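Visitor: What follows is target_19.tsv, made up of TSV, C-alpha atoms and all ligand atoms:
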```tsv
chain	number	residue	atom	x	y	z
V	1159	MET	CA	-237.87	150.82	-11.84
V	1160	SER	CA	-238.75	147.16	-12.24
V	1161	HIS	CA	-241.41	145.23	-14.15
V	1162	PHE	CA	-243.88	143.04	-12.30
V	1163	THR	CA	-246.19	140.45	-13.84
V	1164	LEU	CA	-249.09	139.60	-11.54
V	1165	LEU	CA	-250.90	136.30	-12.14
V	1166	ILE	CA	-254.20	135.84	-10.35
V	1167	GLY	CA	-256.09	132.74	-9.29
V	1168	THR	CA	-259.55	133.61	-8.06
V	1169	THR	CA	-263.11	132.31	-7.89
V	1170	LEU	CA	-265.00	135.00	-6.00
V	1171	GLY	CA	-262.80	138.01	-6.79
V	1172	SER	CA	-260.88	138.65	-3.55
V	1173	ALA	CA	-257.50	137.69	-5.00
V	1174	GLU	CA	-258.15	139.96	-7.97
V	1175	ASP	CA	-259.06	142.87	-5.68
V	1176	LEU	CA	-255.87	142.28	-3.72
V	1177	ALA	CA	-253.78	142.12	-6.90
V	1178	ASP	CA	-255.30	145.40	-8.12
V	1179	HIS	CA	-254.43	147.00	-4.80
V	1180	LEU	CA	-250.82	145.76	-4.81
V	1181	ALA	CA	-250.34	146.71	-8.46
V	1182	GLU	CA	-251.47	150.25	-7.65
V	1183	LYS	CA	-248.97	150.36	-4.80
V	1184	LEU	CA	-246.18	149.12	-7.10
V	1185	ARG	CA	-247.06	151.78	-9.68
V	1186	ASP	CA	-247.04	154.46	-6.95
V	1187	LEU	CA	-243.47	153.34	-6.22
V	1188	GLY	CA	-242.57	153.91	-9.88
V	1189	HIS	CA	-242.70	150.31	-11.11
V	1190	GLN	CA	-244.51	148.92	-14.14
V	1191	THR	CA	-247.17	146.24	-13.72
V	1192	VAL	CA	-249.21	143.91	-15.87
V	1193	ILE	CA	-252.03	141.78	-14.45
V	1194	HIS	CA	-253.33	138.56	-16.01
V	1195	THR	CA	-256.66	137.12	-14.90
V	1196	SER	CA	-256.38	134.21	-17.35
V	1197	PRO	CA	-252.78	133.21	-16.66
V	1198	GLN	CA	-250.84	131.34	-19.34
V	1199	LEU	CA	-247.31	129.96	-19.36
V	1200	ASP	CA	-246.35	132.44	-22.09
V	1201	HIS	CA	-246.95	135.29	-19.66
V	1202	ILE	CA	-243.85	134.30	-17.71
V	1203	LEU	CA	-241.74	132.97	-20.60
V	1204	ILE	CA	-241.98	136.02	-22.86
V	1205	LYS	CA	-240.56	138.43	-20.32
V	1206	PRO	CA	-238.14	136.50	-18.11
V	1207	GLU	CA	-236.67	139.70	-16.66
V	1208	HIS	CA	-239.98	140.53	-15.01
V	1209	PHE	CA	-240.63	139.66	-11.41
V	1210	LEU	CA	-243.59	137.36	-11.05
V	1211	LEU	CA	-246.13	137.88	-8.29
V	1212	LEU	CA	-248.65	135.06	-7.85
V	1213	ILE	CA	-251.82	135.82	-5.90
V	1214	CYS	CA	-254.09	132.82	-5.58
V	1215	SER	CA	-256.97	131.67	-3.41
V	1216	THR	CA	-257.92	128.04	-2.73
V	1217	HIS	CA	-261.29	126.43	-3.46
V	1218	GLY	CA	-262.94	123.03	-3.41
V	1219	ALA	CA	-260.97	120.55	-1.35
V	1220	GLY	CA	-257.68	122.38	-1.74
V	1221	GLU	CA	-258.11	123.01	-5.45
V	1222	LEU	CA	-256.90	125.75	-7.73
V	1223	PRO	CA	-259.44	128.28	-8.97
V	1224	ASP	CA	-260.59	127.38	-12.51
V	1225	ASN	CA	-259.01	130.48	-14.06
V	1226	ILE	CA	-255.46	129.39	-13.11
V	1227	GLU	CA	-255.81	125.62	-13.67
V	1228	ALA	CA	-254.59	125.84	-17.29
V	1229	PHE	CA	-251.44	127.66	-16.17
V	1230	TYR	CA	-250.70	124.96	-13.59
V	1231	GLN	CA	-251.29	122.18	-16.12
V	1232	GLN	CA	-248.89	123.90	-18.55
V	1233	LEU	CA	-246.24	123.94	-15.80
V	1234	VAL	CA	-246.80	120.25	-15.05
V	1235	GLN	CA	-247.07	118.97	-18.63
V	1236	ARG	CA	-244.60	121.19	-20.53
V	1237	LEU	CA	-241.98	121.32	-17.75
V	1238	PRO	CA	-240.49	124.66	-18.86
V	1239	GLU	CA	-236.98	125.60	-17.75
V	1240	LEU	CA	-237.55	128.48	-15.29
V	1241	ASP	CA	-234.00	129.22	-14.14
V	1242	GLY	CA	-233.68	132.96	-13.61
V	1243	LEU	CA	-237.35	133.55	-12.90
V	1244	ARG	CA	-237.84	135.27	-9.55
V	1245	PHE	CA	-241.23	135.28	-7.92
V	1246	GLY	CA	-243.31	136.03	-4.86
V	1247	ALA	CA	-246.32	134.05	-3.67
V	1248	ILE	CA	-249.42	135.22	-1.84
V	1249	GLY	CA	-252.22	132.84	-0.93
V	1250	LEU	CA	-255.73	133.58	0.29
V	1251	GLY	CA	-257.46	130.86	2.25
V	1252	ASP	CA	-259.50	129.96	5.27
V	1253	SER	CA	-257.80	128.06	8.10
V	1254	SER	CA	-261.02	126.19	8.91
V	1255	TYR	CA	-260.14	124.02	5.88
V	1256	ASP	CA	-257.43	121.43	6.43
V	1257	THR	CA	-256.35	122.26	2.88
V	1258	PHE	CA	-255.50	125.80	3.98
V	1259	CYS	CA	-253.85	127.70	1.10
V	1260	ALA	CA	-253.13	124.45	-0.77
V	1261	ALA	CA	-253.41	126.12	-4.19
V	1262	ILE	CA	-250.62	128.66	-3.71
V	1263	GLN	CA	-248.48	125.91	-2.15
V	1264	LYS	CA	-248.94	123.75	-5.27
V	1265	LEU	CA	-248.03	126.60	-7.59
V	1266	ASP	CA	-245.04	127.62	-5.47
V	1267	HIS	CA	-243.64	124.06	-5.30
V	1268	GLN	CA	-244.05	123.52	-9.03
V	1269	LEU	CA	-242.29	126.77	-9.94
V	1270	VAL	CA	-239.37	125.93	-7.64
V	1271	ARG	CA	-239.22	122.39	-9.07
V	1272	LEU	CA	-238.78	123.97	-12.51
V	1273	GLY	CA	-235.87	126.17	-11.39
V	1274	ALA	CA	-237.59	129.43	-10.42
V	1275	GLU	CA	-236.44	131.21	-7.26
V	1276	ARG	CA	-238.97	132.35	-4.71
V	1277	ILE	CA	-237.97	135.63	-3.08
V	1278	GLY	CA	-238.75	135.76	0.61
V	1279	SER	CA	-241.31	133.59	2.30
V	1280	ARG	CA	-244.73	132.71	0.95
V	1281	LEU	CA	-247.53	134.81	2.44
V	1282	GLU	CA	-250.63	132.81	3.39
V	1283	ILE	CA	-253.48	135.07	4.45
V	1284	ASP	CA	-256.20	133.53	6.59
V	1285	VAL	CA	-259.34	135.44	5.58
V	1286	SER	CA	-261.15	134.14	8.67
V	1287	GLN	CA	-258.68	136.14	10.81
V	1288	VAL	CA	-257.56	139.01	8.59
V	1289	ASP	CA	-260.12	141.27	7.01
V	1290	PRO	CA	-259.42	142.94	4.69
V	1291	PRO	CA	-256.18	141.26	3.54
V	1292	GLU	CA	-254.72	144.41	1.94
V	1293	GLN	CA	-252.87	145.70	5.00
V	1294	THR	CA	-251.17	142.35	5.72
V	1295	ALA	CA	-250.20	142.05	2.06
V	1296	GLU	CA	-248.81	145.59	1.93
V	1297	ILE	CA	-246.48	144.90	4.87
V	1298	TRP	CA	-245.34	141.69	3.16
V	1299	LEU	CA	-244.87	143.54	-0.15
V	1300	ASP	CA	-242.52	146.09	1.42
V	1301	GLN	CA	-240.36	143.29	2.84
V	1302	TRP	CA	-240.51	141.37	-0.43
V	1303	LEU	CA	-239.36	144.37	-2.45
V	1304	ASN	CA	-236.40	144.84	-0.10
V	1305	GLN	CA	-235.31	141.23	-0.61
V	1306	ARG	CA	-235.08	141.43	-4.40
A	1401	LIG	C1	-266.60	126.61	-1.59
A	1401	LIG	C2	-265.34	127.14	-0.95
A	1401	LIG	C3	-264.27	126.27	-0.76
A	1401	LIG	C4	-263.09	126.73	-0.14
A	1401	LIG	N1	-262.05	125.85	0.05
A	1401	LIG	C5	-260.92	126.29	0.64
A	1401	LIG	C6	-259.82	125.39	0.87
A	1401	LIG	O1	-259.86	124.22	0.54
A	1401	LIG	N2	-258.71	125.89	1.47
A	1401	LIG	C7	-258.61	127.20	1.87
A	1401	LIG	O2	-257.58	127.58	2.41
A	1401	LIG	N3	-259.63	128.07	1.67
A	1401	LIG	C8	-260.79	127.65	1.07
A	1401	LIG	N4	-261.82	128.52	0.86
A	1401	LIG	C9	-261.68	129.93	1.29
A	1401	LIG	C10	-261.27	130.85	0.12
A	1401	LIG	O3	-259.99	130.56	-0.36
A	1401	LIG	C11	-261.30	132.30	0.62
A	1401	LIG	O4	-262.65	132.65	0.92
A	1401	LIG	C12	-260.72	133.27	-0.38
A	1401	LIG	O5	-260.69	134.56	0.20
A	1401	LIG	C13	-261.52	133.32	-1.66
A	1401	LIG	O6	-260.78	134.10	-2.58
A	1401	LIG	P1	-261.38	134.50	-4.01
A	1401	LIG	O7	-262.48	135.50	-3.76
A	1401	LIG	O8	-260.22	135.13	-4.72
A	1401	LIG	O9	-261.87	133.28	-4.70
A	1401	LIG	C14	-262.99	128.09	0.25
A	1401	LIG	C15	-264.07	128.95	0.04
A	1401	LIG	C16	-265.23	128.49	-0.55
A	1401	LIG	C17	-266.38	129.46	-0.75
```
Would it be possible to restate this file's structure as structure tokens?
Ligand SMILES: Cc1cc2nc3c(=O)[nH]c(=O)nc-3n(C[C@H](O)[C@H](O)[C@H](O)COP(=O)(O)O)c2cc1C
Guide:
Amino acid sequence: MSHFTLLIGTTLGSAEDLADHLAEKLRDLGHQTVIHTSPQLDHILIKPEHFLLLICSTHGAGELPDNIEAFYQQLVQRLPELDGLRFGAIGLGDSSYDTFCAAIQKLDHQLVRLGAERIGSRLEIDVSQVDPPEQTAEIWLDQWLNQR
């Protein structure tokens, strides 16, 4: 059994729905989950043994959703040492934007810059092609869990 902290970046709720779905799947597998819809740096510093799963959509011209902007600013301004933190990254976006999935890319790059290790590859779901995103994310989750 492992512990998973899920941090969500969402404007319209799809990323939160997806996080709820994946958390339920993790619990069915016997893991423990906690979900934060107002992510803060402390959520990943307090429990460094937890796996972090970031699920974030993109809005504006490649911008982060408002609810996760504070978390990103804390990463950029406080520059925490994140060695030992292992994470997975799932983005929701629309490929008709040339800033496709820019928000999850920004978060991913900043975590790696601070020493965190991304497990597996980043999943970028194109909601204009994949509807609903749950099935794609479930397949990715199985592979991600096997790579821990
Ligand atoms: C106003 C608006 C701007 C968007 N901008 C982007 C963008 O820059 N890049 C991208 O990949 N997707 C963009 N999208 C698509 C959203 O990321 C996509 O619809 C996603 O599923 C929304 O997730 P949410 O419900 O969690 O907010 C935009 C959507 C809207 C409505």
Visitor: Dump the neighbourhood of ligand LIG 1401 (chain A) as a count of residues only: all residues within 9 Å, distances computed on only C-alpha atoms and all ligand atoms.
Guide: 41
Visitor: Report, in Å to a single decimal, how far apart atom CA of V:Phe1245 and atom CA of V:Ile1262 are.
Guide: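 Atom CA of V:Phe1245 lies 12.2 Å from atom CA of V:Ile1262.
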Visitor: Tell me which of V:Thr1294, V:Ser1196, V:Glu1275, V:Leu1211 sits closest to V:Asn1225, counting only C-alpha atoms.
Guide: V:Ser1196
Visitor: Identify, on the basis of only C-alpha atoms, every residue whose closest approach to V:Gln1232 does not exceed 12 Å; exclude the query and any residue fewer than 2 positions from it along the same chain; express the result as a ChimeraX atom specification.
Guide: /V:1197-1203,1226-1230,1234-1238,1265,1268-1269,1272
Visitor: Taking 3 positions as the minimum chain separation for residues in the same chain, which residues sit within 6 Å of V:Leu1210 when counting all atoms listed in the file? Answer as a list in words.
Guide: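 Here the qualifying residues turn out to be Phe1162, Thr1163, Leu1164 and Phe1245 of chain V.
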Visitor: Please determine, counting only C-alpha atoms, which residue among V:Lys1183, V:Arg1271, V:His1189, V:Arg1244 has the shortest atom-to-atom distance to V:Met1159.
Guide: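 Closest candidate: V:His1189.
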Visitor: For V:Asp1300, find every residue with an atom within 12 Å (counting all atoms listed in the file), except residues of its own chain fewer than 3 positions away, and show them as a VMD selection string.
Guide: chain V and resid 1180 1183 to 1184 1187 1246 1278 1293 to 1297 1303 to 1306
Visitor: Which of these residues is nearest to V:Leu1212, using only C-alpha atoms: V:Gln1263, V:His1194, V:Asp1224, V:Ile1248?
Guide: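 Ranking V:Gln1263, V:His1194, V:Asp1224, V:Ile1248 by distance to V:Leu1212, first place goes to V:Ile1248.
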Visitor: List the neighbours of V:His1161 out to 6 Å using only C-alpha atoms; skip same-chain residues closer than 5 positions along the sequence, and give me the result as a list in words.
Guide: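 My reading of the contact set: Gln1190, Thr1191 and His1208 of chain V.
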Visitor: Just how far from atom CA of V:Ala1181 is atom CA of V:Ala1247, in Å to one decimal?
Guide: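 Between these atoms lies a distance of 14.1 Å.
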